[in-house]
>>> print(open('target_11.pdb').read())   # PDB, C-alpha atoms
ATOM      1  CA  MET A 242       0.000   0.000   0.000  1.00  0.00           C
ATOM      2  CA  ASP A 243       1.408   3.358  -0.944  1.00  0.00           C
ATOM      3  CA  ARG A 244       1.625   6.359   1.372  1.00  0.00           C
ATOM      4  CA  SER A 245      -1.266   8.221  -0.260  1.00  0.00           C
ATOM      5  CA  THR A 246      -3.657   5.276   0.069  1.00  0.00           C
ATOM      6  CA  PHE A 247      -2.656   4.709   3.690  1.00  0.00           C
ATOM      7  CA  LYS A 248      -3.187   8.390   4.530  1.00  0.00           C
ATOM      8  CA  ARG A 249      -6.590   8.395   2.833  1.00  0.00           C
ATOM      9  CA  ILE A 250      -7.702   5.319   4.814  1.00  0.00           C
ATOM     10  CA  VAL A 251      -6.505   6.766   8.126  1.00  0.00           C
ATOM     11  CA  LEU A 252      -8.207  10.117   7.487  1.00  0.00           C
ATOM     12  CA  LYS A 253     -11.462   8.455   6.428  1.00  0.00           C
ATOM     13  CA  ASN A 254     -11.499   6.306   9.571  1.00  0.00           C
ATOM     14  CA  ALA A 255     -10.796   9.343  11.771  1.00  0.00           C
ATOM     15  CA  TYR A 256     -13.601  11.273  10.058  1.00  0.00           C
ATOM     16  CA  ASN A 257     -16.056   8.379  10.492  1.00  0.00           C
ATOM     17  CA  LYS A 258     -15.106   8.018  14.172  1.00  0.00           C
ATOM     18  CA  ARG A 259     -15.595  11.746  14.743  1.00  0.00           C
ATOM     19  CA  LYS A 260     -19.027  11.736  13.093  1.00  0.00           C
ATOM     20  CA  MET A 261     -20.124   8.679  15.096  1.00  0.00           C
ATOM     21  CA  TYR A 262     -19.030  10.297  18.365  1.00  0.00           C
ATOM     22  CA  GLU A 263     -20.603  13.641  17.437  1.00  0.00           C
ATOM     23  CA  CYS A 264     -23.930  11.809  17.004  1.00  0.00           C
ATOM     24  CA  LEU A 265     -23.427  10.207  20.405  1.00  0.00           C
ATOM     25  CA  ILE A 266     -22.671  13.605  21.970  1.00  0.00           C
ATOM     26  CA  ASP A 267     -25.796  15.084  20.347  1.00  0.00           C
ATOM     27  CA  ASN A 268     -27.863  12.621  22.392  1.00  0.00           C
ATOM     28  CA  VAL A 269     -26.359  13.651  25.740  1.00  0.00           C
ATOM     29  CA  PRO A 270     -28.493  16.455  27.239  1.00  0.00           C
ATOM     30  CA  MET A 271     -25.723  17.842  29.479  1.00  0.00           C
ATOM     31  CA  LEU A 272     -23.502  18.380  26.399  1.00  0.00           C
ATOM     32  CA  LYS A 273     -26.104  20.214  24.287  1.00  0.00           C
ATOM     33  CA  PHE A 274     -24.535  23.566  25.201  1.00  0.00           C
ATOM     34  CA  LEU A 275     -21.302  22.772  23.325  1.00  0.00           C
ATOM     35  CA  ASP A 276     -20.704  24.720  20.140  1.00  0.00           C
ATOM     36  CA  PRO A 277     -19.731  22.736  17.009  1.00  0.00           C
ATOM     37  CA  TYR A 278     -15.992  23.294  17.526  1.00  0.00           C
ATOM     38  CA  GLU A 279     -16.130  22.109  21.139  1.00  0.00           C
ATOM     39  CA  ARG A 280     -18.270  19.129  20.129  1.00  0.00           C
ATOM     40  CA  MET A 281     -15.688  18.178  17.494  1.00  0.00           C
ATOM     41  CA  ASN A 282     -12.872  18.412  20.061  1.00  0.00           C
ATOM     42  CA  VAL A 283     -14.761  16.246  22.547  1.00  0.00           C
ATOM     43  CA  ALA A 284     -15.515  13.722  19.801  1.00  0.00           C
ATOM     44  CA  ASP A 285     -11.838  13.583  18.853  1.00  0.00           C
ATOM     45  CA  ALA A 286     -10.852  12.997  22.489  1.00  0.00           C
ATOM     46  CA  LEU A 287     -13.208  10.055  23.062  1.00  0.00           C
ATOM     47  CA  VAL A 288     -11.729   6.579  23.225  1.00  0.00           C
ATOM     48  CA  SER A 289     -13.731   3.364  22.911  1.00  0.00           C
ATOM     49  CA  LYS A 290     -13.344   0.773  25.618  1.00  0.00           C
ATOM     50  CA  ARG A 291     -15.026  -2.606  25.640  1.00  0.00           C
ATOM     51  CA  PHE A 292     -16.307  -4.185  28.843  1.00  0.00           C
ATOM     52  CA  GLU A 293     -17.287  -7.804  29.294  1.00  0.00           C
ATOM     53  CA  ASP A 294     -20.762  -8.802  30.451  1.00  0.00           C
ATOM     54  CA  GLY A 295     -20.937  -8.290  34.216  1.00  0.00           C
ATOM     55  CA  GLU A 296     -17.622  -6.426  34.410  1.00  0.00           C
ATOM     56  CA  LEU A 297     -17.501  -3.535  36.890  1.00  0.00           C
ATOM     57  CA  ILE A 298     -17.040  -0.210  35.104  1.00  0.00           C
ATOM     58  CA  ILE A 299     -16.955   2.131  38.094  1.00  0.00           C
ATOM     59  CA  LYS A 300     -18.163   1.851  41.660  1.00  0.00           C
ATOM     60  CA  GLN A 301     -19.817   4.318  43.977  1.00  0.00           C
ATOM     61  CA  GLY A 302     -17.226   6.439  45.754  1.00  0.00           C
ATOM     62  CA  ASP A 303     -14.563   6.159  43.033  1.00  0.00           C
ATOM     63  CA  ASP A 304     -12.913   9.400  41.921  1.00  0.00           C
ATOM     64  CA  ALA A 305     -14.455  10.729  38.716  1.00  0.00           C
ATOM     65  CA  ALA A 306     -11.389  10.663  36.485  1.00  0.00           C
ATOM     66  CA  CYS A 307     -13.388  10.218  33.289  1.00  0.00           C
ATOM     67  CA  MET A 308     -16.871  10.073  31.810  1.00  0.00           C
ATOM     68  CA  PHE A 309     -18.506   7.011  30.281  1.00  0.00           C
ATOM     69  CA  PHE A 310     -20.945   6.852  27.375  1.00  0.00           C
ATOM     70  CA  VAL A 311     -22.737   3.650  26.451  1.00  0.00           C
ATOM     71  CA  GLU A 312     -22.124   3.295  22.739  1.00  0.00           C
ATOM     72  CA  ASP A 313     -23.720  -0.143  22.421  1.00  0.00           C
ATOM     73  CA  GLY A 314     -25.348  -2.561  24.840  1.00  0.00           C
ATOM     74  CA  GLU A 315     -26.789  -2.036  28.283  1.00  0.00           C
ATOM     75  CA  ILE A 316     -25.498  -1.283  31.761  1.00  0.00           C
ATOM     76  CA  ARG A 317     -26.942  -1.720  35.216  1.00  0.00           C
ATOM     77  CA  ILE A 318     -26.513   1.106  37.718  1.00  0.00           C
ATOM     78  CA  THR A 319     -26.856   0.478  41.438  1.00  0.00           C
ATOM     79  CA  MET A 320     -26.510   3.049  44.200  1.00  0.00           C
ATOM     80  CA  THR A 321     -26.522   2.734  47.963  1.00  0.00           C
ATOM     81  CA  ARG A 322     -27.934   5.475  50.121  1.00  0.00           C
ATOM     82  CA  LYS A 323     -25.653   7.045  52.712  1.00  0.00           C
TER      83      LYS A 323
END
>>> encode(input="target_11.pdb", output="C-alpha cells")
Amino acid sequence: MDRSTFKRIVLKNAYNKRKMYECLIDNVPMLKFLDPYERMNVADALVSKRFEDGELIIKQGDDAACMFFVEDGEIRITMTRK
C-alpha cells in the first residue's frame, strides 16, 4: 500500500469516528450547550473501551477521572444510600 492510500484510509477512519461520536454527543443532554468546535474536540478525544458482560465499570465512591458513554449494549446502575 502506498503512502497516499494509507493516509486516505486513516483520514477516512478518523472522520467516520468523529461523526459517530458527534452523534453520540448530540444525544447527551448535558452536552447540548457545546458549540460545534467544542463538540468536534470532545468527539476527537473520546476513546472506545469494551467491557465484558458483568464487568464492573466504576463503583460508587470512586474518583471521577473520566466520563462514560454507552455506545452499544446495556449497563446496570446500582446506588446505595448514605
>>> residues_near_point(input="target_11.pdb", point="(-25.0, 4.1, 51.1)", cutoff="10 Å", atoms="all atoms listed in the file", output="compact mmCIF listing (two decimals) with C-alpha atoms, keeping the file's coordinate frame")
# COMPACT_ATOMS: atom_id res chain seq x y z
CA GLN A 301 -19.82 4.32 43.98
CA GLY A 302 -17.23 6.44 45.75
CA MET A 320 -26.51 3.05 44.20
CA THR A 321 -26.52 2.73 47.96
CA ARG A 322 -27.93 5.48 50.12
CA LYS A 323 -25.65 7.04 52.71
>>> resolve_selection(input="target_11.pdb", expression="the PyMOL selection byres ((chain A and resi 287) around 10)", output="short mmCIF file (atom, residue, chain, number, x, y, z; two decimals) with C-alpha atoms, in the frame of the given file")
data_model
loop_
_atom_site.label_atom_id
_atom_site.label_comp_id
_atom_site.auth_asym_id
_atom_site.auth_seq_id
_atom_site.Cartn_x
_atom_site.Cartn_y
_atom_site.Cartn_z
CA LYS A 258 -15.11 8.02 14.17
CA ARG A 259 -15.60 11.75 14.74
CA TYR A 262 -19.03 10.30 18.36
CA GLU A 263 -20.60 13.64 17.44
CA ASN A 282 -12.87 18.41 20.06
CA VAL A 283 -14.76 16.25 22.55
CA ALA A 284 -15.52 13.72 19.80
CA ASP A 285 -11.84 13.58 18.85
CA ALA A 286 -10.85 13.00 22.49
CA VAL A 288 -11.73 6.58 23.22
CA SER A 289 -13.73 3.36 22.91
CA LYS A 290 -13.34 0.77 25.62
CA MET A 308 -16.87 10.07 31.81
CA PHE A 309 -18.51 7.01 30.28
CA PHE A 310 -20.94 6.85 27.38
#
>>> atom_distance(input="target_11.pdb", atom1="atom CA of A:Glu279", atom2="atom CA of A:Ile318")
28.7 Å
>>> residues_around(input="target_11.pdb", residues="A:Glu315", least_positions_apart="3", cutoff="12 Å", atoms="only C-alpha atoms", output="ChimeraX atom specification")
/A:292-296,310-312,318
>>> axis_aligned_box(input="target_11.pdb", around="stretch 300-308 of chain A", padding_each_side="4 Å", output="JSON")
{"center_x": -15.6, "center_y": 6.3, "center_z": 38.8, "size_x": 16.4, "size_y": 16.9, "size_z": 21.9}
>>> atom_distance(input="target_11.pdb", atom1="atom CA of A:Pro270", atom2="atom CA of A:Cys307")
17.4 Å
>>> atom_distance(input="target_11.pdb", atom1="atom CA of A:Asp303", atom2="atom CA of A:Met261")
28.6 Å
>>> closest_residue(input="target_11.pdb", among="A:Arg280, A:Arg291, A:Lys300, A:Lys273", to="A:Thr319", atoms="only C-alpha atoms")
A:Lys300
